[in-house]
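S.K.: Please find data.txt (compact mmCIF, C-alpha atoms and all ligand atoms) on the next line:
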```txt
# COMPACT_ATOMS: atom_id res chain seq x y z
CA MET Y 1 19.42 13.63 14.48
CA VAL Y 2 17.30 12.85 11.45
CA ALA Y 3 16.66 9.51 9.77
CA ARG Y 4 18.97 8.42 6.96
CA ILE Y 5 16.64 6.64 4.56
CA ALA Y 6 17.28 4.51 1.48
CA VAL Y 7 14.75 3.23 -1.07
CA ILE Y 8 14.67 -0.14 -2.86
CA GLY Y 9 12.71 -0.04 -6.14
CA GLY Y 10 12.50 3.24 -8.03
CA GLY Y 11 9.65 2.41 -10.43
CA GLN Y 12 6.24 4.06 -10.73
CA PHE Y 13 5.45 3.98 -7.04
CA GLY Y 14 9.03 4.08 -5.80
CA GLU Y 15 9.02 7.60 -7.19
CA MET Y 16 6.43 8.59 -4.58
CA HIS Y 17 8.88 7.46 -1.90
CA LEU Y 18 11.65 9.49 -3.50
CA ARG Y 19 9.45 12.58 -3.64
CA ALA Y 20 8.35 12.16 -0.02
CA PHE Y 21 11.87 11.72 1.35
CA ALA Y 22 13.44 14.33 -0.97
CA GLN Y 23 10.99 16.84 0.46
CA MET Y 24 11.82 15.79 4.03
CA GLN Y 25 15.49 16.24 3.16
CA ARG Y 26 14.86 19.80 1.89
CA GLU Y 27 13.09 20.53 5.16
CA GLY Y 28 15.87 19.00 7.29
CA ARG Y 29 13.61 16.21 8.52
CA ALA Y 30 15.40 13.24 6.84
CA ARG Y 31 18.25 12.37 4.51
CA LEU Y 32 17.70 10.40 1.31
CA VAL Y 33 20.92 8.39 1.11
CA GLY Y 34 20.43 5.98 -1.80
CA LEU Y 35 18.22 4.16 -4.27
CA ALA Y 36 18.67 0.53 -5.29
CA ASP Y 37 17.12 -0.73 -8.52
CA ILE Y 38 18.16 -3.53 -10.85
CA ASN Y 39 17.35 -1.28 -13.81
CA GLU Y 40 20.24 1.09 -14.58
CA ALA Y 41 17.97 3.37 -16.64
CA VAL Y 42 15.74 3.87 -13.59
CA LEU Y 43 18.77 4.72 -11.45
CA ALA Y 44 19.98 7.29 -14.00
CA ARG Y 45 16.54 8.91 -14.31
CA ARG Y 46 15.98 9.12 -10.57
CA HIS Y 47 19.46 10.55 -10.06
CA ASP Y 48 18.65 13.32 -12.54
CA GLN Y 49 15.28 14.00 -10.90
CA TYR Y 50 16.11 13.66 -7.20
CA GLY Y 51 19.91 13.73 -7.01
CA VAL Y 52 19.89 10.34 -5.30
CA ALA Y 53 22.88 8.00 -5.53
CA GLY Y 54 21.97 4.75 -7.32
CA TYR Y 55 23.00 1.15 -6.65
CA PRO Y 56 22.11 -1.87 -8.82
CA ASP Y 57 22.27 -4.21 -5.81
CA PHE Y 58 20.40 -3.37 -2.61
CA LYS Y 59 22.83 -5.33 -0.42
CA GLU Y 60 25.67 -3.19 -1.72
CA MET Y 61 23.57 -0.09 -1.02
CA LEU Y 62 22.99 -1.21 2.58
CA GLU Y 63 26.72 -1.71 3.11
CA ARG Y 64 27.81 1.49 1.40
CA THR Y 65 25.20 3.87 2.81
CA ASP Y 66 24.38 2.24 6.18
CA PRO Y 67 20.91 3.85 6.43
CA ASP Y 68 18.75 3.89 9.56
CA ALA Y 69 15.73 2.84 7.55
CA VAL Y 70 14.74 1.47 4.15
CA ALA Y 71 11.56 1.89 2.10
CA ILE Y 72 10.80 -1.11 -0.13
CA ALA Y 73 8.84 -0.52 -3.36
CA THR Y 74 9.77 -3.57 -5.44
CA PRO Y 75 7.09 -5.76 -7.10
CA ASP Y 76 4.75 -7.43 -4.57
CA HIS Y 77 6.37 -10.89 -4.65
CA LEU Y 78 9.85 -9.45 -3.98
CA HIS Y 79 9.11 -7.55 -0.75
CA HIS Y 80 9.97 -10.45 1.56
CA ASP Y 81 13.60 -10.99 0.61
CA ALA Y 82 14.43 -7.30 0.70
CA ALA Y 83 12.63 -6.81 4.04
CA VAL Y 84 14.32 -9.80 5.70
CA CYS Y 85 17.72 -8.65 4.49
CA CYS Y 86 17.16 -5.09 5.78
CA LEU Y 87 15.87 -6.26 9.15
CA LYS Y 88 18.83 -8.63 9.57
CA ALA Y 89 21.05 -5.63 8.91
CA GLY Y 90 19.26 -3.75 11.72
CA LYS Y 91 17.24 -1.34 9.54
CA HIS Y 92 13.69 -0.14 10.14
CA VAL Y 93 11.52 -0.87 7.09
CA LEU Y 94 8.58 0.66 5.28
CA ILE Y 95 7.10 -1.97 2.95
CA GLU Y 96 4.73 -1.22 0.12
CA LYS Y 97 1.47 -3.10 0.28
CA PRO Y 98 0.99 -6.05 0.38
CA MET Y 99 3.63 -6.72 3.03
CA ASP Y 100 4.21 -10.13 1.42
CA VAL Y 101 2.04 -12.41 -0.70
CA THR Y 102 2.39 -15.32 1.75
CA LEU Y 103 1.53 -15.66 5.43
CA PRO Y 104 4.80 -17.42 6.30
CA GLY Y 105 6.66 -14.55 4.66
CA CYS Y 106 4.74 -12.01 6.76
CA ARG Y 107 5.49 -14.02 9.91
CA ASP Y 108 9.21 -13.98 9.13
CA ILE Y 109 9.13 -10.21 8.78
CA VAL Y 110 7.09 -9.56 11.93
CA ASN Y 111 9.07 -12.01 14.06
CA LEU Y 112 12.42 -10.64 12.93
CA ALA Y 113 11.33 -7.06 13.60
CA GLU Y 114 9.93 -7.86 17.04
CA GLU Y 115 13.02 -9.86 18.05
CA ARG Y 116 15.25 -6.94 17.10
CA GLY Y 117 13.06 -4.05 18.26
CA LEU Y 118 12.77 -2.66 14.71
CA LEU Y 119 9.86 -0.84 13.10
CA VAL Y 120 7.92 -2.48 10.28
CA GLN Y 121 5.44 -0.12 8.68
CA VAL Y 122 3.24 -1.14 5.74
CA ASN Y 123 2.19 1.57 3.32
CA PHE Y 124 -1.59 1.30 3.60
CA HIS Y 125 -1.98 4.95 2.76
CA LYS Y 126 -5.81 4.96 2.72
CA ARG Y 127 -5.55 5.32 6.51
CA PHE Y 128 -4.02 8.78 5.91
CA ASP Y 129 -6.89 10.03 3.73
CA PRO Y 130 -8.69 12.62 5.89
CA TYR Y 131 -12.06 11.49 4.51
CA HIS Y 132 -11.40 8.03 5.91
CA GLY Y 133 -10.16 9.57 9.15
CA ARG Y 134 -13.53 11.28 9.54
CA LEU Y 135 -15.30 7.98 8.92
CA ARG Y 136 -13.16 6.25 11.55
CA ASP Y 137 -13.94 9.01 14.06
CA LEU Y 138 -17.69 8.64 13.41
CA VAL Y 139 -17.49 4.89 13.93
CA ALA Y 140 -15.31 5.24 17.05
CA GLY Y 141 -17.64 7.90 18.51
CA GLY Y 142 -20.62 5.58 18.11
CA CYS Y 143 -22.27 8.08 15.72
CA LEU Y 144 -23.16 5.33 13.27
CA GLY Y 145 -24.33 2.99 16.03
CA GLU Y 146 -23.45 -0.68 15.69
CA ILE Y 147 -21.89 -1.33 12.30
CA GLU Y 148 -24.07 -3.72 10.31
CA TYR Y 149 -22.65 -3.73 6.79
CA GLY Y 150 -20.68 -1.85 4.21
CA TYR Y 151 -19.21 -1.87 0.76
CA ALA Y 152 -15.91 -0.82 -0.79
CA HIS Y 153 -14.66 -0.78 -4.35
CA ILE Y 154 -11.20 -0.21 -5.79
CA GLU Y 155 -10.71 -0.48 -9.55
CA ASP Y 156 -7.80 0.39 -11.83
CA ARG Y 157 -7.76 1.16 -15.52
CA ILE Y 158 -6.62 -1.65 -17.84
CA ASP Y 159 -3.33 0.14 -18.56
CA VAL Y 160 -2.14 -0.62 -15.02
CA PRO Y 161 -1.82 -4.44 -15.42
CA ARG Y 162 -1.33 -4.31 -19.21
CA ASP Y 163 1.36 -1.60 -19.46
CA TRP Y 164 2.49 -0.29 -16.08
CA LEU Y 165 2.97 -3.71 -14.42
CA ARG Y 166 3.51 -5.66 -17.64
CA THR Y 167 6.49 -7.62 -16.28
CA TRP Y 168 4.78 -8.84 -13.13
CA ALA Y 169 0.97 -8.41 -13.30
CA ALA Y 170 0.57 -12.17 -13.85
CA ARG Y 171 2.31 -12.73 -10.50
CA SER Y 172 -0.18 -10.40 -8.79
CA SER Y 173 -3.95 -9.97 -8.89
CA PRO Y 174 -6.60 -7.30 -8.20
CA VAL Y 175 -6.67 -8.77 -4.69
CA TRP Y 176 -2.95 -8.37 -3.98
CA PHE Y 177 -2.55 -5.08 -5.83
CA LEU Y 178 -5.81 -3.36 -4.86
CA GLY Y 179 -8.25 -5.29 -2.65
CA VAL Y 180 -5.70 -5.57 0.14
CA HIS Y 181 -5.93 -1.78 0.62
CA MET Y 182 -9.64 -2.08 1.37
CA TYR Y 183 -9.34 -5.16 3.60
CA ASP Y 184 -6.95 -3.14 5.76
CA LEU Y 185 -9.13 -0.04 5.59
CA VAL Y 186 -12.29 -1.85 6.70
CA ARG Y 187 -10.50 -3.56 9.59
CA TRP Y 188 -8.97 -0.24 10.67
CA LEU Y 189 -12.24 1.70 10.35
CA VAL Y 190 -14.47 -0.65 12.30
CA ARG Y 191 -11.81 -2.02 14.71
CA ALA Y 192 -12.95 -5.60 14.26
CA GLU Y 193 -11.29 -8.76 12.96
CA PHE Y 194 -12.45 -10.74 9.96
CA ARG Y 195 -14.13 -14.06 10.75
CA SER Y 196 -14.61 -15.60 7.30
CA VAL Y 197 -14.47 -14.79 3.63
CA SER Y 198 -15.94 -16.06 0.38
CA ALA Y 199 -15.10 -14.78 -3.08
CA THR Y 200 -15.88 -15.05 -6.76
CA GLY Y 201 -13.82 -13.74 -9.64
CA SER Y 202 -13.54 -13.47 -13.41
CA LYS Y 203 -10.72 -14.18 -15.85
CA LYS Y 204 -11.74 -12.94 -19.30
CA LYS Y 205 -10.09 -9.79 -20.54
CA LEU Y 206 -6.51 -10.05 -19.26
CA ILE Y 207 -6.16 -13.69 -20.15
CA ARG Y 208 -6.97 -12.75 -23.76
CA LEU Y 209 -4.08 -10.28 -23.57
CA GLY Y 210 -1.77 -13.07 -22.42
CA ILE Y 211 -1.78 -12.04 -18.74
CA ASP Y 212 -2.94 -14.96 -16.62
CA THR Y 213 -4.57 -13.34 -13.63
CA TYR Y 214 -8.02 -12.30 -12.46
CA ASP Y 215 -9.77 -9.33 -14.06
CA SER Y 216 -12.00 -8.77 -11.06
CA VAL Y 217 -12.77 -10.26 -7.66
CA GLN Y 218 -15.76 -9.80 -5.35
CA ALA Y 219 -15.12 -10.74 -1.73
CA LYS Y 220 -17.73 -11.05 1.02
CA LEU Y 221 -16.09 -10.55 4.40
CA ALA Y 222 -17.74 -11.41 7.72
CA LEU Y 223 -16.47 -9.58 10.82
CA ASP Y 224 -16.34 -10.94 14.34
CA ASN Y 225 -18.59 -8.06 15.51
CA GLY Y 226 -21.44 -9.50 13.41
CA GLY Y 227 -21.07 -7.02 10.55
CA SER Y 228 -20.16 -7.84 6.97
CA PHE Y 229 -18.54 -6.01 4.06
CA THR Y 230 -18.38 -6.59 0.34
CA VAL Y 231 -15.15 -5.52 -1.37
CA ASP Y 232 -14.91 -5.38 -5.17
CA SER Y 233 -11.47 -5.13 -6.76
CA SER Y 234 -10.66 -5.05 -10.47
CA TRP Y 235 -8.14 -3.67 -12.95
CA ILE Y 236 -9.90 -3.73 -16.29
CA LEU Y 237 -11.64 -0.33 -16.46
CA PRO Y 238 -11.38 1.08 -20.01
CA GLU Y 239 -8.68 3.59 -20.89
CA ALA Y 240 -11.37 6.25 -21.42
CA PHE Y 241 -12.37 5.99 -17.74
CA GLU Y 242 -12.12 9.30 -15.88
CA ALA Y 243 -9.18 8.33 -13.65
CA VAL Y 244 -6.49 5.68 -13.33
CA VAL Y 245 -8.22 4.44 -10.18
CA ASN Y 246 -11.82 4.43 -9.01
CA GLN Y 247 -12.49 3.86 -5.34
CA GLY Y 248 -15.00 4.43 -2.57
CA ILE Y 249 -16.46 3.08 0.64
CA ARG Y 250 -19.76 3.19 2.51
CA VAL Y 251 -20.50 2.07 6.04
CA VAL Y 252 -23.97 1.56 7.49
CA GLY Y 253 -24.77 1.18 11.18
CA THR Y 254 -27.85 1.04 13.35
CA GLU Y 255 -27.83 4.84 13.75
CA GLY Y 256 -26.14 6.23 10.67
CA ILE Y 257 -24.43 5.98 7.34
CA MET Y 258 -21.35 7.55 5.77
CA GLU Y 259 -20.39 7.28 2.13
CA VAL Y 260 -17.04 8.41 0.73
CA ASP Y 261 -16.24 8.81 -2.94
CA SER Y 262 -12.53 8.31 -2.40
CA GLN Y 263 -11.71 9.15 -6.03
CA ASP Y 264 -13.66 12.16 -7.26
CA ARG Y 265 -12.64 15.10 -5.03
CA GLY Y 266 -14.35 17.65 -7.22
CA ALA Y 267 -11.47 18.47 -9.58
CA ARG Y 268 -12.27 17.89 -13.26
CA ALA Y 269 -10.07 18.35 -16.32
CA CYS Y 270 -10.09 17.32 -19.94
CA ALA Y 271 -6.31 17.72 -20.34
CA GLY Y 272 -3.34 17.40 -17.98
CA MET Y 273 -3.43 18.95 -14.54
CA PRO Y 274 -0.27 20.97 -13.75
CA GLY Y 275 2.02 18.69 -11.80
CA GLY Y 276 -0.62 15.99 -11.81
CA GLY Y 277 1.46 13.48 -13.77
CA ALA Y 278 0.60 11.29 -16.69
CA ALA Y 279 -2.04 9.41 -14.74
CA ASP Y 280 -4.31 12.46 -14.90
CA ARG Y 281 -4.24 12.66 -18.68
CA GLY Y 282 -6.64 10.69 -20.77
CA PRO Y 283 -8.87 10.83 -23.79
CA SER Y 284 -11.90 12.07 -21.86
CA MET Y 285 -12.90 14.26 -18.89
CA GLN Y 286 -10.70 13.25 -15.96
CA THR Y 287 -11.19 13.54 -12.20
CA PRO Y 288 -7.66 13.67 -10.76
CA ASN Y 289 -7.65 12.66 -7.10
CA MET Y 290 -5.95 15.71 -5.61
CA GLY Y 291 -6.45 14.21 -2.15
CA PHE Y 292 -3.97 11.47 -2.99
CA TYR Y 293 -1.23 13.56 -4.58
CA PHE Y 294 -0.54 17.11 -5.65
CA GLU Y 295 2.47 19.24 -6.33
CA VAL Y 296 2.89 22.99 -5.97
CA LYS Y 297 6.03 25.10 -6.41
CA ASN Y 298 7.22 27.28 -3.55
CA GLY Y 299 8.68 30.78 -4.00
CA ARG Y 300 12.10 29.32 -4.80
CA GLY Y 301 10.58 27.20 -7.56
CA LEU Y 302 11.04 24.01 -5.55
CA PRO Y 303 8.22 21.48 -5.65
CA ARG Y 304 6.19 20.84 -2.56
CA TYR Y 305 4.30 17.54 -2.59
CA GLY Y 306 1.16 16.81 -0.67
CA GLY Y 307 -1.74 14.42 -0.32
CA TYR Y 308 -2.11 11.21 1.62
CA GLY Y 309 0.09 9.37 -0.91
CA ILE Y 310 2.96 11.51 0.35
CA THR Y 311 2.06 11.95 4.03
CA SER Y 312 1.77 8.20 4.65
CA ILE Y 313 5.37 7.73 3.45
CA GLN Y 314 6.63 10.75 5.39
CA ASP Y 315 4.92 9.37 8.50
CA PHE Y 316 7.46 6.53 8.37
CA GLY Y 317 10.32 9.04 8.26
CA GLU Y 318 8.87 10.85 11.29
CA ASN Y 319 8.40 7.55 13.14
CA VAL Y 320 12.04 6.63 12.52
CA ASN Y 321 13.05 10.07 13.81
CA ARG Y 322 11.12 9.40 17.00
CA ILE Y 323 12.81 6.02 17.39
CA LEU Y 324 16.20 7.68 16.93
CA GLU Y 325 15.19 10.03 19.75
CA GLY Y 326 14.54 7.04 22.03
CA ALA Y 327 10.99 5.83 21.36
CA SER Y 328 10.36 2.15 20.71
CA PRO Y 329 8.15 0.97 17.81
CA ALA Y 330 5.49 0.03 20.37
CA ASP Y 331 5.39 3.65 21.65
CA LEU Y 332 4.55 5.20 18.30
CA GLY Y 333 0.75 5.35 18.19
CA GLY Y 334 -0.69 7.17 15.18
CA VAL Y 335 -2.61 5.68 12.31
CA HIS Y 336 0.09 3.78 10.43
CA ALA Y 337 -0.22 0.06 9.70
CA ASP Y 338 2.44 -1.97 11.49
CA GLY Y 339 3.72 -5.44 10.65
CA ARG Y 340 0.89 -7.23 12.39
CA ASP Y 341 -1.64 -5.14 10.46
CA GLY Y 342 0.21 -6.05 7.27
CA LEU Y 343 0.02 -9.71 8.22
CA GLU Y 344 -3.75 -9.48 8.81
CA ALA Y 345 -4.33 -7.91 5.40
CA THR Y 346 -2.28 -10.68 3.77
CA ARG Y 347 -4.25 -13.28 5.75
CA VAL Y 348 -7.48 -11.95 4.21
CA ALA Y 349 -6.03 -11.66 0.70
CA ALA Y 350 -4.66 -15.20 0.84
CA ALA Y 351 -8.05 -16.47 2.04
CA VAL Y 352 -9.80 -14.60 -0.78
CA HIS Y 353 -7.60 -16.49 -3.25
CA GLU Y 354 -8.21 -19.75 -1.40
CA SER Y 355 -11.95 -19.19 -1.76
CA LEU Y 356 -11.59 -18.30 -5.45
CA GLU Y 357 -9.66 -21.50 -6.13
CA GLY Y 358 -12.23 -23.44 -4.10
CA GLY Y 359 -15.17 -22.28 -6.23
CA GLY Y 360 -16.29 -19.56 -3.83
CA ARG Y 361 -16.40 -21.67 -0.67
CA ILE Y 362 -16.39 -19.93 2.71
CA VAL Y 363 -12.93 -19.81 4.27
CA ASP Y 364 -12.76 -19.57 8.05
CA LEU Y 365 -10.18 -16.95 8.98
CA GLN Y 366 -10.10 -17.97 12.61
CA ARG Y 367 -9.80 -21.71 11.94
CA ASP Y 368 -6.54 -21.99 13.86
CA GLY Y 369 -7.60 -19.55 16.54
CA THR Y 370 -4.87 -17.17 15.48
CA ALA Y 371 -6.64 -14.31 13.72
CA GLY Y 372 -6.22 -10.94 15.32
CA PRO Y 373 -3.42 -8.53 16.02
CA HIS Y 374 -2.33 -10.08 19.31
CA ALA Y 375 -2.07 -13.66 18.14
CA LEU Y 376 0.97 -14.17 16.02
CA GLU Y 377 1.71 -17.70 14.85
CA GLN Y 378 5.01 -19.42 15.46
CA PRO Y 379 7.85 -18.32 13.21
CA SER Y 380 7.90 -20.23 9.95
CA GLY Y 381 11.66 -20.28 9.85
CA THR Y 382 11.48 -19.75 6.12
CA THR Y 383 13.77 -17.23 4.51
CA ARG Y 384 13.07 -17.62 0.84
N1 LIG Y 401 0.43 2.28 -2.13
C1 LIG Y 401 -0.10 2.26 -3.37
O1 LIG Y 401 -1.21 2.73 -3.63
C2 LIG Y 401 0.66 1.63 -4.48
C3 LIG Y 401 0.41 2.00 -5.78
C4 LIG Y 401 1.15 1.38 -6.76
C5 LIG Y 401 2.06 0.41 -6.44
N2 LIG Y 401 2.24 0.06 -5.14
C6 LIG Y 401 3.18 -1.00 -4.75
O2 LIG Y 401 4.50 -0.53 -4.95
C7 LIG Y 401 5.33 -1.63 -5.32
C8 LIG Y 401 6.03 -1.25 -6.62
O3 LIG Y 401 5.05 -1.07 -7.61
P1 LIG Y 401 5.35 -0.18 -8.88
O4 LIG Y 401 4.05 0.14 -9.46
O5 LIG Y 401 6.30 0.91 -8.56
O6 LIG Y 401 6.09 -1.26 -9.82
P2 LIG Y 401 7.17 -0.97 -10.94
O7 LIG Y 401 7.24 -2.23 -11.73
O8 LIG Y 401 6.87 0.32 -11.64
O9 LIG Y 401 8.54 -0.73 -10.14
C9 LIG Y 401 9.21 -1.76 -9.47
C10 LIG Y 401 10.70 -1.41 -9.49
O10 LIG Y 401 11.40 -2.38 -8.70
C11 LIG Y 401 12.62 -2.67 -9.38
N3 LIG Y 401 13.13 -3.96 -8.91
C12 LIG Y 401 12.69 -5.20 -9.21
N4 LIG Y 401 13.43 -6.12 -8.54
C13 LIG Y 401 14.32 -5.44 -7.79
C14 LIG Y 401 15.34 -5.82 -6.89
N5 LIG Y 401 15.60 -7.11 -6.60
N6 LIG Y 401 16.09 -4.85 -6.30
C15 LIG Y 401 15.86 -3.54 -6.58
N7 LIG Y 401 14.90 -3.13 -7.43
C16 LIG Y 401 14.13 -4.06 -8.03
C17 LIG Y 401 12.24 -2.66 -10.86
O11 LIG Y 401 13.36 -2.50 -11.71
C18 LIG Y 401 11.30 -1.46 -10.92
O12 LIG Y 401 11.98 -0.24 -11.20
C19 LIG Y 401 4.41 -2.84 -5.45
O13 LIG Y 401 4.47 -3.59 -4.27
C20 LIG Y 401 3.04 -2.24 -5.60
O14 LIG Y 401 1.99 -3.07 -5.14
C21 LIG Y 401 1.60 0.68 -4.17
```
Write the structure described by the file as structure tokens, please.
Ligand SMILES: NC(=O)c1ccc[n+]([C@@H]2O[C@H](COP(=O)([O-])OP(=O)(O)OC[C@H]3O[C@@H](n4cnc5c(N)ncnc54)[C@H](O)[C@@H]3O)[C@@H](O)[C@H]2O)c1
M.R.:
Amino acid sequence: MVARIAVIGGGQFGEMHLRAFAQMQREGRARLVGLADINEAVLARRHDQYGVAGYPDFKEMLERTDPDAVAIATPDHLHHDAAVCCLKAGKHVLIEKPMDVTLPGCRDIVNLAEERGLLVQVNFHKRFDPYHGRLRDLVAGGCLGEIEYGYAHIEDRIDVPRDWLRTWAARSSPVWFLGVHMYDLVRWLVRAEFRSVSATGSKKKLIRLGIDTYDSVQAKLALDNGGSFTVDSSWILPEAFEAVVNQGIRVVGTEGIMEVDSQDRGARACAGMPGGGAADRGPSMQTPNMGFYFEVKNGRGLPRYGGYGITSIQDFGENVNRILEGASPADLGGVHADGRDGLEATRVAAAVHESLEGGGRIVDLQRDGTAGPHALEQPSGTTR
């Protein structure tokens, strides 16, 4: 028995989900049963590309296709309603990051899933980057000694908020869209919880373009193991920048250091890269991140997709297969982020915004004694 999977949201990133599951379908490891999107043009395009049946209303799709699991790739602020609806219908869910942009919303999702024994997986795909896996192994093996400090950056080109996300960038921020990846990555790498956060940010460039959100945010995060990390997030790099995203991390301990350039994997091009997609094309020398995504054709001319952008989504399909074979979500192991991990990343992101609005004041993340993966607050009871 293989998982029957549906997708909600077939936009820029929803397409990654369609590719990942279409490939699993070709290999007999899953079935892609439907795509819901409010935009009929998106449904028509994705049907042509992936042969997937389209539905303008996700509730209708749930009723008509009755999937085992649903992947949600709608805009950030719309994840909650779709996730709650799917969980109430008994479906396992993969939710794009951030799980939700509110803590009460995350609690709803986690509580519902735990009550019903359903899997919630959050697509923090940086955990599936083998470079980061090596870093986690070094930390876990004690090879870096006690972790003292580190730094991470994640920066998009200006066309992402200005063009790609033009209908909803003002409802997001570099923190919700980008920083949250690194908050999760740091917590996962060093296996410690965040104690407090303070942040500063700038609103200059996007506000002049009529998009009222932060250009950039610098967050200083203190961990409960005594270490601290600085995470920079922004989405105003010029269009001539060498890639759509720039990212990296470094970790320093008492006995060692590891630095990862998570963007430049050594591939350089001054035109398109075959199969690399529009994001790899630009007016200057580009460094497409082939670790994140690549496409090759097999002997039958069918595309084969790879990279951690694909494997993190397929990991959900494999996890649902295991559950269908009798495993429970708690049995799964592996590196995926579950609902409680998603909640912790949202807790940090919300506190970063709280600090920004409070002029950079330090926000205590353990003020109510609830931070940490084993301390879930009471259900909010909200179902927005
Ligand atoms: N993991 C990553 O690195 C990564 C990268 C980019 C985006 N994302 C996340 O993926 C999600 C989608 O981002 P995107 O860039 O694809 O945005 P997008 O705007 O390109 O696509 C969103 C799609 O959702 C559809 N939609 C909106 N409301 C809907 C509804 N009620 N029901 C069904 N469909 C609906 C829109 O029509 C659109 O096609 C966001 O949460 C974003 O943060 C993740």
S.K.: Counting only C-alpha atoms and all ligand atoms, which residues of chain Y fall within 9 Å of ligand LIG 401 (chain Y), and what is the closest atom pair for each with its distance in Å at one decimal, ordered by chain and rising number, as a Markdown table?
M.R.:
```
| residue | atom | partner | partner_atom | distance |
| --- | --- | --- | --- | --- |
| Y:Val7 | CA | Y:LIG401 | C15 | 8.8 |
| Y:Ile8 | CA | Y:LIG401 | C15 | 5.2 |
| Y:Gly9 | CA | Y:LIG401 | O10 | 3.7 |
| Y:Gly10 | CA | Y:LIG401 | O12 | 4.7 |
| Y:Gly11 | CA | Y:LIG401 | O9 | 3.3 |
| Y:Gln12 | CA | Y:LIG401 | O5 | 3.8 |
| Y:Phe13 | CA | Y:LIG401 | O5 | 3.5 |
| Y:Gly14 | CA | Y:LIG401 | O5 | 5.0 |
| Y:Glu15 | CA | Y:LIG401 | O5 | 7.4 |
| Y:Met16 | CA | Y:LIG401 | O5 | 8.7 |
| Y:Leu35 | CA | Y:LIG401 | C15 | 8.4 |
| Y:Ala36 | CA | Y:LIG401 | C15 | 5.1 |
| Y:Asp37 | CA | Y:LIG401 | N7 | 3.4 |
| Y:Ile38 | CA | Y:LIG401 | N7 | 4.7 |
| Y:Asn39 | CA | Y:LIG401 | O11 | 4.7 |
| Y:Glu40 | CA | Y:LIG401 | O11 | 8.3 |
| Y:Ala41 | CA | Y:LIG401 | O12 | 8.9 |
| Y:Val42 | CA | Y:LIG401 | O12 | 6.1 |
| Y:Leu43 | CA | Y:LIG401 | O12 | 8.4 |
| Y:Tyr55 | CA | Y:LIG401 | C15 | 8.5 |
| Y:Pro56 | CA | Y:LIG401 | C15 | 6.8 |
| Y:Asp57 | CA | Y:LIG401 | N6 | 6.2 |
| Y:Phe58 | CA | Y:LIG401 | N6 | 5.9 |
| Y:Lys59 | CA | Y:LIG401 | N6 | 9.0 |
| Y:Ile72 | CA | Y:LIG401 | C7 | 7.6 |
| Y:Ala73 | CA | Y:LIG401 | C7 | 4.2 |
| Y:Thr74 | CA | Y:LIG401 | O10 | 3.8 |
| Y:Pro75 | CA | Y:LIG401 | C19 | 4.3 |
| Y:Asp76 | CA | Y:LIG401 | O13 | 3.9 |
| Y:His77 | CA | Y:LIG401 | O13 | 7.6 |
| Y:Leu78 | CA | Y:LIG401 | N4 | 6.7 |
| Y:His79 | CA | Y:LIG401 | O13 | 7.0 |
| Y:Asp81 | CA | Y:LIG401 | N5 | 8.4 |
| Y:Ala82 | CA | Y:LIG401 | N5 | 7.4 |
| Y:Ile95 | CA | Y:LIG401 | O13 | 7.9 |
| Y:Glu96 | CA | Y:LIG401 | O13 | 5.0 |
| Y:Lys97 | CA | Y:LIG401 | O14 | 5.4 |
| Y:Pro98 | CA | Y:LIG401 | O13 | 6.3 |
| Y:Met99 | CA | Y:LIG401 | O13 | 8.0 |
| Y:Asp100 | CA | Y:LIG401 | O13 | 8.7 |
| Y:Asn123 | CA | Y:LIG401 | N1 | 5.8 |
| Y:Phe124 | CA | Y:LIG401 | N1 | 6.2 |
| Y:His125 | CA | Y:LIG401 | N1 | 6.1 |
| Y:Lys126 | CA | Y:LIG401 | O1 | 8.2 |
| Y:Val160 | CA | Y:LIG401 | O4 | 8.4 |
| Y:Trp164 | CA | Y:LIG401 | O8 | 6.3 |
| Y:Leu165 | CA | Y:LIG401 | O7 | 5.3 |
| Y:Arg166 | CA | Y:LIG401 | O7 | 7.8 |
| Y:Thr167 | CA | Y:LIG401 | O7 | 7.1 |
| Y:Trp168 | CA | Y:LIG401 | O7 | 7.2 |
| Y:Ala169 | CA | Y:LIG401 | O7 | 8.9 |
| Y:Ser172 | CA | Y:LIG401 | O14 | 8.5 |
| Y:Trp176 | CA | Y:LIG401 | O14 | 7.3 |
| Y:Phe177 | CA | Y:LIG401 | O14 | 5.0 |
| Y:Leu178 | CA | Y:LIG401 | O1 | 7.7 |
| Y:His181 | CA | Y:LIG401 | O1 | 7.8 |
| Y:Gly309 | CA | Y:LIG401 | N1 | 7.2 |
```
S.K.: Around all of stretch 245-264 of chain Y's listed atoms, make the axis-aligned box with 4 Å on each side and tell me centre and edge lengths in Å to one decimal, as AutoDock Vina command-line options.
M.R.:
```
--center_x -18.0 --center_y 6.6 --center_z 1.8 --size_x 27.6 --size_y 19.1 --size_z 31.9
```
S.K.: Counting all atoms listed in the file, which of Y:Ser328, Y:Gln286, Y:Asn319, Y:Gln366 gets nearest to Y:Ala69?
M.R.: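 Closest residue, counting all atoms listed in the file: Y:Asn319.
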S.K.: Please list as a VMD selection string every residue within 6 Å of stretch 240-257 of chain Y, counting only C-alpha atoms and excluding residues in the same chain fewer than 6 positions away.
M.R.: chain Y and resid 144 to 157 263 279 283 to 287
S.K.: Find the distance between atom CA of Y:Val186 and atom CA of Y:Gly291 and write it in Å to one decimal.
M.R.: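 Atom-to-atom, atom CA of Y:Val186 to atom CA of Y:Gly291, that is 19.2 Å.
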S.K.: Just checking: using only C-alpha atoms, which residue out of Y:Ala71, Y:Val197, Y:Val335, Y:Val33 ends up closest to Y:Ile313?
M.R.: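 Residue with the minimum atom-to-atom distance to Y:Ile313: Y:Ala71.
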S.K.: Pick from Y:Gly359, Y:Gly301, Y:Gly317, Y:Gly54: nearest to Y:Ile5, with all atoms listed in the file counted?
M.R.: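 Among the listed residues, Y:Gly317 lies closest to Y:Ile5.
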